[in-house]
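Quick look at query.txt (compact mmCIF, C-alpha atoms):
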```txt
# COMPACT_ATOMS: atom_id res chain seq x y z
CA MET A 1 8.22 30.82 -19.06
CA ARG A 2 4.65 31.94 -18.35
CA LEU A 3 3.96 35.21 -20.11
CA GLY A 4 0.18 35.50 -19.86
CA VAL A 5 -1.81 38.07 -21.82
CA GLY A 6 0.02 41.05 -23.28
CA ILE A 7 -0.35 43.84 -25.81
CA GLY A 8 2.13 45.14 -28.35
CA TRP A 9 3.83 48.33 -27.16
CA ARG A 10 3.34 51.24 -29.58
CA PRO A 11 4.19 54.92 -28.93
CA GLU A 12 0.54 55.95 -29.45
CA ILE A 13 -0.68 53.69 -26.62
CA SER A 14 2.38 53.70 -24.36
CA GLY A 15 0.43 55.29 -21.50
CA PHE A 16 -2.31 52.68 -21.70
CA VAL A 17 0.19 49.79 -21.87
CA GLY A 18 2.29 51.12 -18.99
CA ALA A 19 -0.80 51.53 -16.78
CA LEU A 20 -2.07 47.93 -17.15
CA PRO A 21 -1.76 46.60 -13.59
CA GLY A 22 -1.27 42.92 -14.41
CA LEU A 23 0.92 43.26 -17.52
CA ARG A 24 3.99 41.03 -17.46
CA PHE A 25 4.59 40.74 -21.18
CA THR A 26 4.81 43.11 -24.13
CA GLU A 27 6.46 43.31 -27.50
CA VAL A 28 8.08 46.18 -29.36
CA ILE A 29 8.84 46.57 -33.07
CA ALA A 30 12.59 46.02 -33.01
CA GLU A 31 13.33 48.50 -35.80
CA SER A 32 11.68 51.29 -33.76
CA VAL A 33 14.02 50.82 -30.78
CA HIS A 34 17.27 52.77 -30.36
CA PRO A 35 19.38 50.13 -28.59
CA ALA A 36 21.69 52.77 -27.09
CA ALA A 37 18.77 54.75 -25.67
CA PRO A 38 15.42 52.95 -25.50
CA VAL A 39 12.47 55.21 -24.63
CA PRO A 40 11.92 55.64 -20.86
CA GLU A 41 8.46 54.01 -20.94
CA LEU A 42 9.99 50.76 -22.20
CA LEU A 43 12.79 50.86 -19.65
CA ALA A 44 10.21 51.39 -16.90
CA LEU A 45 8.36 48.25 -18.03
CA ARG A 46 11.62 46.32 -18.11
CA ASP A 47 12.53 47.57 -14.64
CA ARG A 48 9.24 46.40 -13.18
CA GLY A 49 9.93 42.92 -14.51
CA ALA A 50 7.78 42.77 -17.63
CA ALA A 51 9.13 40.60 -20.44
CA ILE A 52 9.76 42.78 -23.53
CA VAL A 53 10.13 40.86 -26.78
CA PRO A 54 11.78 42.75 -29.69
CA HIS A 55 9.76 41.81 -32.77
CA GLY A 56 11.68 42.32 -36.01
CA VAL A 57 9.92 43.15 -39.25
CA ARG A 58 12.81 44.01 -41.60
CA LEU A 59 15.30 41.15 -41.31
CA SER A 60 13.99 39.27 -44.38
CA LEU A 61 14.83 35.80 -43.04
CA GLY A 62 13.05 34.28 -46.03
CA GLY A 63 14.99 36.28 -48.57
CA ALA A 64 17.16 34.48 -51.12
CA GLU A 65 19.98 36.78 -50.03
CA PRO A 66 22.02 36.30 -46.84
CA VAL A 67 20.58 38.26 -43.93
CA ALA A 68 22.45 41.55 -43.37
CA ALA A 69 24.96 41.30 -40.51
CA GLU A 70 24.27 44.85 -39.30
CA ARG A 71 20.53 44.15 -39.04
CA VAL A 72 21.21 41.03 -36.96
CA ALA A 73 23.64 42.96 -34.75
CA ARG A 74 21.02 45.64 -34.16
CA LEU A 75 18.41 43.05 -33.19
CA ALA A 76 20.88 41.49 -30.76
CA ALA A 77 21.61 44.93 -29.27
CA CYS A 78 17.85 45.50 -28.83
CA ALA A 79 17.52 42.24 -26.91
CA GLU A 80 20.42 43.24 -24.64
CA ALA A 81 19.10 46.75 -24.03
CA LEU A 82 15.62 45.54 -23.10
CA GLY A 83 16.66 42.47 -21.12
CA ALA A 84 14.54 40.43 -23.52
CA PRO A 85 13.89 36.73 -22.84
CA LEU A 86 13.65 36.06 -26.60
CA VAL A 87 13.26 37.86 -29.93
CA SER A 88 10.97 37.13 -32.85
CA GLU A 89 10.91 37.59 -36.62
CA HIS A 90 8.87 36.36 -39.58
CA VAL A 91 8.95 33.48 -42.00
CA ALA A 92 8.84 35.97 -44.85
CA PHE A 93 10.94 38.17 -47.09
CA VAL A 94 10.68 41.96 -47.33
CA ARG A 95 13.12 42.86 -50.11
CA ALA A 96 14.72 41.32 -53.18
CA GLY A 97 17.28 42.65 -55.61
CA GLY A 98 17.52 45.84 -53.56
CA VAL A 99 13.79 46.60 -53.88
CA GLU A 100 11.82 46.99 -50.65
CA ALA A 101 8.40 45.32 -50.64
CA GLY A 102 7.11 47.56 -47.84
CA HIS A 103 5.55 44.56 -46.12
CA LEU A 104 6.06 40.90 -45.24
CA LEU A 105 5.75 38.66 -48.30
CA PRO A 106 5.30 34.89 -48.33
CA VAL A 107 8.11 32.55 -49.38
CA PRO A 108 7.47 29.67 -51.75
CA ARG A 109 7.08 26.37 -49.92
CA THR A 110 10.03 24.84 -51.76
CA ARG A 111 13.31 23.16 -50.86
CA ALA A 112 15.26 26.22 -52.09
CA ALA A 113 13.30 28.57 -49.82
CA LEU A 114 13.65 26.17 -46.89
CA ASP A 115 17.43 26.10 -47.40
CA ALA A 116 17.65 29.91 -47.55
CA LEU A 117 15.46 30.32 -44.45
CA THR A 118 17.48 27.73 -42.56
CA ALA A 119 20.77 29.44 -43.40
CA ASN A 120 19.46 32.89 -42.47
CA ILE A 121 17.90 31.70 -39.21
CA ARG A 122 21.11 29.92 -38.20
CA ARG A 123 23.19 33.04 -38.97
CA THR A 124 20.80 35.11 -36.87
CA GLN A 125 20.72 32.65 -33.98
CA ALA A 126 24.53 32.61 -33.91
CA GLU A 127 24.61 36.34 -33.06
CA LEU A 128 21.61 36.54 -30.71
CA PRO A 129 22.01 36.38 -26.93
CA VAL A 130 18.52 34.83 -26.56
CA PRO A 131 16.30 32.32 -28.40
CA LEU A 132 14.58 33.23 -31.67
CA ALA A 133 10.90 32.56 -32.39
CA VAL A 134 9.70 32.68 -36.01
CA GLU A 135 6.21 33.68 -37.10
CA PRO A 136 4.35 32.40 -40.18
CA ILE A 137 2.61 35.36 -41.84
CA ALA A 138 -0.85 36.10 -43.16
CA ALA A 139 -0.72 36.08 -46.94
CA LEU A 140 -3.38 36.90 -49.49
CA PHE A 141 -1.72 34.67 -52.08
CA ASP A 142 0.47 31.58 -52.33
CA TRP A 143 3.37 30.85 -54.65
CA PRO A 144 2.75 28.28 -57.38
CA ASP A 145 4.47 24.87 -57.35
CA ALA A 146 4.64 24.27 -53.59
CA GLU A 147 6.70 21.22 -52.65
CA TYR A 148 5.46 21.15 -49.03
CA THR A 149 2.22 21.73 -47.17
CA GLU A 150 2.35 24.72 -44.81
CA ALA A 151 2.47 22.43 -41.74
CA ASP A 152 5.25 20.25 -43.17
CA PHE A 153 7.25 23.29 -44.28
CA LEU A 154 7.08 24.93 -40.85
CA THR A 155 7.70 21.70 -38.96
CA GLU A 156 10.83 20.94 -40.98
CA LEU A 157 12.06 24.53 -40.57
CA LEU A 158 11.68 24.35 -36.78
CA GLU A 159 13.38 20.93 -36.68
CA ARG A 160 16.31 22.11 -38.78
CA THR A 161 16.92 25.33 -36.84
CA GLY A 162 15.70 24.61 -33.32
CA ALA A 163 13.81 27.91 -33.50
CA LEU A 164 10.66 28.45 -31.46
CA LEU A 165 7.28 29.13 -33.05
CA LEU A 166 5.44 32.44 -32.77
CA LEU A 167 1.99 31.39 -33.88
CA ASP A 168 -0.33 34.20 -34.97
CA VAL A 169 -3.83 32.84 -34.41
CA ALA A 170 -5.29 35.64 -36.53
CA ASN A 171 -2.93 34.70 -39.39
CA VAL A 172 -4.02 31.07 -39.15
CA TYR A 173 -7.62 32.26 -39.33
CA ALA A 174 -6.98 34.69 -42.20
CA ASN A 175 -5.05 32.22 -44.35
CA ALA A 176 -7.55 29.43 -43.84
CA ARG A 177 -10.45 31.74 -44.60
CA ASN A 178 -8.83 33.11 -47.77
CA ARG A 179 -7.90 29.60 -48.94
CA GLY A 180 -11.25 28.10 -48.02
CA GLU A 181 -9.66 25.75 -45.50
CA ASP A 182 -10.40 24.81 -41.89
CA PRO A 183 -8.01 26.66 -39.53
CA ALA A 184 -8.20 23.83 -37.00
CA ASP A 185 -6.54 21.51 -39.53
CA LEU A 186 -3.28 23.51 -39.35
CA LEU A 187 -3.39 23.53 -35.53
CA ALA A 188 -3.72 19.76 -35.59
CA ARG A 189 -0.54 19.38 -37.64
CA LEU A 190 1.84 21.98 -36.15
CA PRO A 191 4.28 21.25 -33.30
CA LEU A 192 2.28 23.24 -30.74
CA GLU A 193 4.75 22.43 -27.94
CA ARG A 194 7.30 24.63 -29.73
CA ILE A 195 5.13 27.77 -29.41
CA ALA A 196 6.93 30.57 -27.55
CA TYR A 197 3.85 32.80 -27.61
CA CYS A 198 0.93 33.73 -29.84
CA HIS A 199 -0.30 36.83 -31.62
CA VAL A 200 -3.95 37.82 -31.81
CA ALA A 201 -5.38 40.68 -33.87
CA GLY A 202 -8.38 41.89 -35.80
CA GLY A 203 -8.71 42.56 -39.51
CA SER A 204 -11.32 43.41 -42.07
CA GLN A 205 -13.08 41.89 -45.03
CA GLU A 206 -12.40 43.80 -48.27
CA GLY A 207 -13.16 42.70 -51.80
CA GLY A 208 -13.93 39.14 -50.77
CA ARG A 209 -10.66 38.72 -48.87
CA TYR A 210 -9.83 38.93 -45.18
CA HIS A 211 -6.99 41.42 -44.55
CA ASP A 212 -5.09 41.03 -41.28
CA THR A 213 -4.86 44.79 -40.67
CA HIS A 214 -4.43 44.90 -36.86
CA ALA A 215 -6.77 47.90 -37.05
CA ALA A 216 -10.04 46.34 -35.89
CA ALA A 217 -11.40 44.41 -32.95
CA VAL A 218 -10.48 40.72 -32.71
CA PRO A 219 -13.34 38.79 -34.34
CA ASN A 220 -15.18 36.08 -32.44
CA GLU A 221 -13.90 33.43 -34.84
CA VAL A 222 -10.31 34.23 -33.83
CA LEU A 223 -11.22 34.10 -30.12
CA GLU A 224 -12.84 30.72 -30.74
CA LEU A 225 -9.61 29.56 -32.39
CA VAL A 226 -7.66 30.76 -29.34
CA ALA A 227 -9.91 28.57 -27.19
CA GLU A 228 -9.48 25.65 -29.59
CA LEU A 229 -5.70 26.02 -29.48
CA CYS A 230 -5.67 26.14 -25.68
CA ALA A 231 -7.81 23.01 -25.53
CA ARG A 232 -5.05 21.21 -27.47
CA HIS A 233 -2.00 22.82 -25.89
CA ARG A 234 -2.03 26.10 -23.97
CA PRO A 235 0.90 28.29 -25.09
CA PRO A 236 2.87 30.48 -22.65
CA GLY A 237 1.32 33.77 -23.76
CA PHE A 238 -1.04 35.67 -26.04
CA LEU A 239 -0.20 39.13 -27.33
CA LEU A 240 -2.75 41.52 -28.84
CA GLU A 241 -1.40 43.41 -31.86
CA ARG A 242 -2.95 46.78 -32.65
CA ASP A 243 -1.54 49.10 -35.30
CA GLY A 244 -3.33 52.29 -36.15
CA ARG A 245 -6.94 53.33 -35.48
CA TYR A 246 -6.34 52.97 -31.75
CA PRO A 247 -9.69 52.69 -29.95
CA PRO A 248 -10.58 54.15 -26.54
CA ALA A 249 -8.89 52.48 -23.57
CA ALA A 250 -12.11 50.75 -22.50
CA GLU A 251 -12.29 48.93 -25.84
CA LEU A 252 -8.67 47.82 -25.63
CA ARG A 253 -9.27 46.57 -22.08
CA ALA A 254 -12.33 44.64 -23.26
CA GLU A 255 -10.25 43.01 -25.99
CA LEU A 256 -7.56 41.99 -23.55
CA ASP A 257 -10.22 40.58 -21.22
CA ALA A 258 -11.77 38.64 -24.10
CA ILE A 259 -8.37 37.09 -24.94
CA ALA A 260 -7.84 36.19 -21.28
CA ALA A 261 -11.29 34.59 -21.13
CA ALA A 262 -10.80 32.63 -24.37
CA SER A 263 -7.38 31.35 -23.29
CA GLY A 264 -8.20 30.70 -19.63
CA MET A 265 -5.46 33.10 -18.54
CA GLU A 266 -5.48 35.79 -15.85
CA PRO A 267 -6.88 39.18 -16.90
CA VAL A 268 -4.23 41.94 -16.94
CA THR A 269 -6.56 44.92 -16.87
CA MET B 1 24.28 22.36 -52.21
CA SER B 2 24.36 26.13 -51.91
CA GLU B 3 22.25 27.64 -49.14
CA PHE B 4 21.12 30.45 -51.42
CA ASP B 5 19.55 29.78 -54.79
CA ALA B 6 19.87 32.18 -57.75
CA GLY B 7 16.54 31.03 -59.14
CA LEU B 8 14.80 31.84 -55.87
CA ALA B 9 16.47 35.26 -55.81
CA ALA B 10 15.27 36.04 -59.33
CA ALA B 11 11.74 34.81 -58.58
CA GLN B 12 11.50 36.91 -55.42
CA GLU B 13 12.77 40.00 -57.22
CA ALA B 14 10.25 39.51 -60.04
CA LEU B 15 7.41 39.27 -57.52
CA VAL B 16 8.52 42.38 -55.61
CA ARG B 17 8.85 44.36 -58.84
CA ALA B 18 5.40 43.26 -59.97
CA MET B 19 3.93 44.35 -56.62
CA THR B 20 5.76 47.67 -56.16
CA ALA B 21 7.42 48.87 -59.34
CA GLY B 22 5.09 48.15 -62.23
CA GLY B 23 6.86 44.95 -63.25
CA PRO B 24 5.05 42.17 -65.14
CA MET B 25 3.06 39.65 -63.08
CA PRO B 26 5.09 36.42 -62.75
CA GLU B 27 3.46 33.30 -64.15
CA GLY B 28 1.50 30.94 -61.97
CA PHE B 29 0.30 33.44 -59.37
CA ASP B 30 -3.31 34.42 -58.72
CA ALA B 31 -2.90 37.89 -60.23
CA GLY B 32 -6.02 39.26 -58.53
CA ALA B 33 -4.82 38.13 -55.12
CA VAL B 34 -1.30 39.54 -55.68
CA ARG B 35 -2.78 42.88 -56.78
CA ALA B 36 -5.05 42.92 -53.72
CA ALA B 37 -2.02 42.33 -51.50
CA ALA B 38 -0.08 45.08 -53.29
CA HIS B 39 -2.98 47.49 -52.82
CA GLY B 40 -3.17 46.62 -49.12
CA ILE B 41 0.53 47.44 -48.81
CA LEU B 42 -0.03 50.84 -50.49
CA LEU B 43 -2.81 51.67 -48.01
CA LYS B 44 -0.58 50.64 -45.11
CA ARG B 45 2.24 52.80 -46.50
CA ALA B 46 -0.21 55.72 -46.76
CA GLY B 47 -1.07 55.30 -43.07
CA GLU B 48 2.59 55.23 -42.11
CA VAL B 49 3.34 58.35 -44.17
CA ALA B 50 0.35 60.08 -42.55
CA ARG B 51 1.92 59.45 -39.13
CA ALA B 52 5.27 60.86 -40.31
CA TRP B 53 3.64 63.79 -42.21
CA PRO B 54 0.32 64.47 -40.42
CA SER B 55 -0.31 67.93 -41.91
CA LEU B 56 0.45 66.71 -45.42
CA ALA B 57 -2.06 63.88 -45.08
CA GLU B 58 -4.68 66.15 -43.45
CA SER B 59 -4.42 68.58 -46.35
CA TYR B 60 -5.82 65.83 -48.58
CA GLY B 61 -8.72 65.04 -46.23
CA THR B 62 -10.48 61.78 -47.00
CA SER B 63 -8.69 61.44 -50.35
CA TRP B 64 -5.24 61.05 -48.78
CA LYS B 65 -4.95 57.28 -49.04
CA ALA B 66 -6.12 57.22 -52.65
CA ALA B 67 -3.84 60.13 -53.61
CA PHE B 68 -0.80 58.58 -51.97
CA ALA B 69 -1.55 55.08 -53.28
CA ALA B 70 -1.84 56.38 -56.85
CA TRP B 71 1.49 58.20 -56.55
CA ALA B 72 3.29 55.30 -54.82
CA ALA B 73 1.92 52.43 -56.92
CA GLU B 74 5.12 52.04 -58.96
CA ARG B 75 7.54 53.52 -56.41
CA PRO B 76 8.98 51.00 -53.94
CA THR B 77 9.11 52.36 -50.40
CA ARG B 78 12.16 54.21 -49.14
CA GLY B 79 10.70 54.49 -45.65
CA SER B 80 7.77 56.65 -44.56
CA LEU B 81 9.87 59.78 -43.94
CA ARG B 82 11.26 59.81 -47.48
CA ASP B 83 8.06 58.51 -49.11
CA GLY B 84 6.17 61.48 -47.65
CA TRP B 85 8.98 63.88 -48.46
CA ASP B 86 9.21 62.79 -52.10
CA PHE B 87 5.42 62.99 -52.42
CA ALA B 88 5.33 66.45 -50.81
CA ARG B 89 8.09 67.84 -53.05
CA GLU B 90 6.39 66.62 -56.21
CA ASN B 91 3.07 68.10 -55.13
CA ARG B 92 4.27 71.18 -53.27
CA ASP B 93 2.42 73.58 -55.57
CA ARG B 94 -0.91 72.02 -54.61
CA PHE B 95 -0.97 72.66 -50.88
CA ALA B 96 -0.49 75.54 -48.45
CA GLY B 97 -0.83 76.33 -44.76
CA ASP B 98 0.14 73.60 -42.31
CA ALA B 99 1.25 71.13 -44.98
CA ALA B 100 3.56 73.68 -46.59
CA ARG B 101 4.90 74.59 -43.16
CA GLU B 102 5.52 70.93 -42.36
CA LEU B 103 7.58 70.54 -45.54
CA ALA B 104 9.48 73.79 -44.93
CA LEU B 105 10.28 72.75 -41.36
CA ALA B 106 11.58 69.38 -42.54
CA GLU B 107 13.76 71.05 -45.17
CA ALA B 108 15.19 73.41 -42.54
CA ARG B 109 15.98 70.60 -40.13
CA TRP B 110 17.30 68.02 -42.57
CA SER B 111 19.49 68.01 -45.63
CA TYR B 112 17.91 65.76 -48.27
CA ASP B 113 18.90 65.57 -51.92
CA GLY B 114 16.18 63.09 -52.92
CA GLN B 115 18.73 60.31 -53.36
CA ASP B 116 20.67 59.64 -50.14
CA PRO B 117 18.99 59.35 -46.72
CA PRO B 118 18.22 62.72 -45.05
CA ARG B 119 20.87 64.04 -42.65
CA PRO B 120 20.21 66.50 -39.83
CA ARG B 121 21.50 70.03 -40.48
CA ARG B 122 23.68 71.59 -37.79
CA ALA B 123 22.31 75.03 -38.45
CA ALA B 124 19.75 76.57 -40.80
CA ALA B 125 17.33 79.44 -41.14
CA ARG B 126 14.41 79.22 -43.55
CA ARG B 127 11.22 81.02 -44.38
CA VAL B 128 8.09 79.03 -43.58
CA PRO B 129 4.54 80.14 -44.36
CA GLY B 130 3.73 82.93 -41.91
CA GLY B 131 7.21 83.22 -40.42
CA ALA B 132 10.65 81.67 -40.23
CA VAL B 133 12.39 78.71 -38.63
CA VAL B 134 15.84 78.65 -37.05
CA VAL B 135 17.67 75.40 -36.41
CA LEU B 136 20.79 75.14 -34.21
CA GLY B 137 21.77 71.58 -33.40
CA ARG B 138 18.74 69.96 -31.74
CA TRP B 139 17.19 73.36 -31.03
CA VAL B 140 14.39 74.26 -33.44
CA ARG B 141 12.38 77.47 -33.16
CA VAL B 142 9.65 78.85 -35.36
CA PHE B 143 9.16 82.62 -35.43
CA GLY B 144 6.03 84.23 -36.83
CA ARG B 145 2.44 85.22 -36.32
CA ASP B 146 1.32 81.63 -35.72
CA PRO B 147 4.22 79.69 -34.26
CA SER B 148 2.17 76.56 -33.63
CA GLY B 149 3.85 74.46 -36.32
```
Take the structure in the file and write it out as structure tokens.
Amino acid sequence: MRLGVGIGWRPEISGFVGALPGLRFTEVIAESVHPAAPVPELLALRDRGAAIVPHGVRLSLGGAEPVAAERVARLAACAEALGAPLVSEHVAFVRAGGVEAGHLLPVPRTRAALDALTANIRRTQAELPVPLAVEPIAALFDWPDAEYTEADFLTELLERTGALLLLDVANVYANARNRGEDPADLLARLPLERIAYCHVAGGSQEGGRYHDTHAAAVPNEVLELVAELCARHRPPGFLLERDGRYPPAAELRAELDAIAAASGMEPVT
Amino acid sequence: MSEFDAGLAAAQEALVRAMTAGGPMPEGFDAGAVRAAAHGILLKRAGEVARAWPSLAESYGTSWKAAFAAWAAERPTRGSLRDGWDFARENRDRFAGDAARELALAEARWSYDGQDPPRPRRAAARRVPGGAVVVLGRWVRVFGRDPSG
């Protein structure tokens, strides 16, 4: 499926997103959707044929505890309500022992974590009406005692589960920068043909670390990585994530145009 | 082989407690990097609470994020609605005007004991700063000299 360039739907910018003439692809935070009564702006996008991908942030697929059946059922209901072609979630955990982390946390790259992720992804896939894509996260720290490299861990996870890959180019950039690695090395070792779509976002440098905040313009280095990825294997779509500190419409349009230019895709503005 | 590992569960819980609830830092981690991540999460939570409780956050001006982060550092999130509510109740003597009205409106519209999730009230009437609020089902009306809240 060709998705093209999209932008994450958020209530604060729903008017801007709905007015983009070429938009065929958006994403909505799954936990913000009422499956029985999605907001009219989203239904209007669905009805004009745009692909709407519910993007979960609270499933905790990487948790050592079995994924909650009611959370999976809600995600499935979201996909049905929005006519979604697929749904996505993270290779991460967000709670443990009943304590909420408040954010996506990295899993250790160990056999035990791979087993837990595999089991949770399979349970989720069994209840979903559409394919699942999983997204590696940006993390400021790694667990000690890794048994796999990041590329090997992700590749084995995708092989075991048949899940698609949601590759966040900004996360690849952030992790490589914070670890002092070359982001292109990870691209060279991931199964790029399994990418369902990509995320792109901006962040900020604080205290010597790059934080993937989604609250700033996409840096040139990330756009260059988008171009590098497309030179290897052009994925079906790129989605701009913006959360908070929403800029004027002209700046958002310029960012979407920059992503289209870097990826060689049609502008949607 | 079990799909879910008790050792992994314990390790994940220890990390979450260290990051959100004042627990000890687990061995082997880059403590500075984990603390930086935890601080980033607090700032993000502050932004989310500011969207749920805009007048509360505005009443703190530019010190909102620092004030909320200090309060929330050892309190795991219970969602932005309740995080803001718990913060507002503990600090209710320190603000007035729109922030006090925002809290009073929430308490008229929802029943919240500080433990279980808030539930909408079917009917309520409460004083708010500068007037009163009446709630009947989904109908909410503020009476007073400045009914803008």
Show which residues sit within 7 Å of region 238-248 of chain A, as a PDB file with C-alpha atoms, in the frame of the given file. Count only C-alpha atoms, and ignore same-chain residues fewer than 6 positions away.
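For reference, around.pdb as written:
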```pdb
ATOM      1  CA  GLY A   4       0.180  35.500 -19.860  1.00  0.00           C
ATOM      2  CA  VAL A   5      -1.810  38.070 -21.820  1.00  0.00           C
ATOM      3  CA  GLY A   6       0.020  41.050 -23.280  1.00  0.00           C
ATOM      4  CA  ILE A   7      -0.350  43.840 -25.810  1.00  0.00           C
ATOM      5  CA  GLY A   8       2.130  45.140 -28.350  1.00  0.00           C
ATOM      6  CA  TYR A 197       3.850  32.800 -27.610  1.00  0.00           C
ATOM      7  CA  CYS A 198       0.930  33.730 -29.840  1.00  0.00           C
ATOM      8  CA  HIS A 199      -0.300  36.830 -31.620  1.00  0.00           C
ATOM      9  CA  VAL A 200      -3.950  37.820 -31.810  1.00  0.00           C
ATOM     10  CA  ALA A 201      -5.380  40.680 -33.870  1.00  0.00           C
ATOM     11  CA  HIS A 214      -4.430  44.900 -36.860  1.00  0.00           C
ATOM     12  CA  ALA A 215      -6.770  47.900 -37.050  1.00  0.00           C
TER      13      ALA A 215
END
```
Notebook entry, point to check: CA of Val142 (chain B) and CA of Gly114 (chain B), how far apart in Å?
Noted result: 24.5 Å
Note to self: Using Å and a single decimal, report how far CA of Ile121 (chain A) sits from CA of Thr161 (chain A).
What the structure shows: 6.9 Å
Next item on the list: Mind giving me the straight-line distance from CA of Arg126 (chain B) to CA of Ala104 (chain B) in Å, one decimal?
Entry: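 CA of Arg126 (chain B) sits 7.5 Å away from CA of Ala104 (chain B).
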Next item on the list: Name the residues in contact with region 57-70 of chain A at a cut-off of 10 Å, using only C-alpha atoms, excluding same-chain residues fewer than 4 positions from it; report them as a VMD selection string.
Entry: (chain A and resid 29 to 32 74 to 76 88 to 97 100 102 to 108 112 to 124 127 134) or (chain B and resid 3 to 13)
Next item on the list: Using all atoms listed in the file, pick whichever of A:Ala146, A:Ala101, A:Ala188, A:Ala50 has the shortest atom-to-atom distance to chain B.
Entry: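 Smallest distance to chain B is found for A:Ala101.
Nearest to chain B of all the residues A:Arg234, A:Arg253, A:His211, A:Arg2 is A:His211, based on all atoms listed in the file.
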Note to self: Tell me which residues come within 8 Å of (-2.7, 60.1, -45.0), as a list in words, counting only C-alpha atoms in the file's coordinates.
What the structure shows: Ala46, Gly47, Glu48, Val49, Ala50, Arg51, Trp53, Pro54, Leu56, Ala57, Glu58, Tyr60, Gly61, Trp64, Lys65 and Phe68 of chain B
Item checked: Option closest in space to Arg35 (chain B), from A:Arg209, A:Arg46, A:Ala262, A:Ile13 [counting only C-alpha atoms] -> A:Arg209
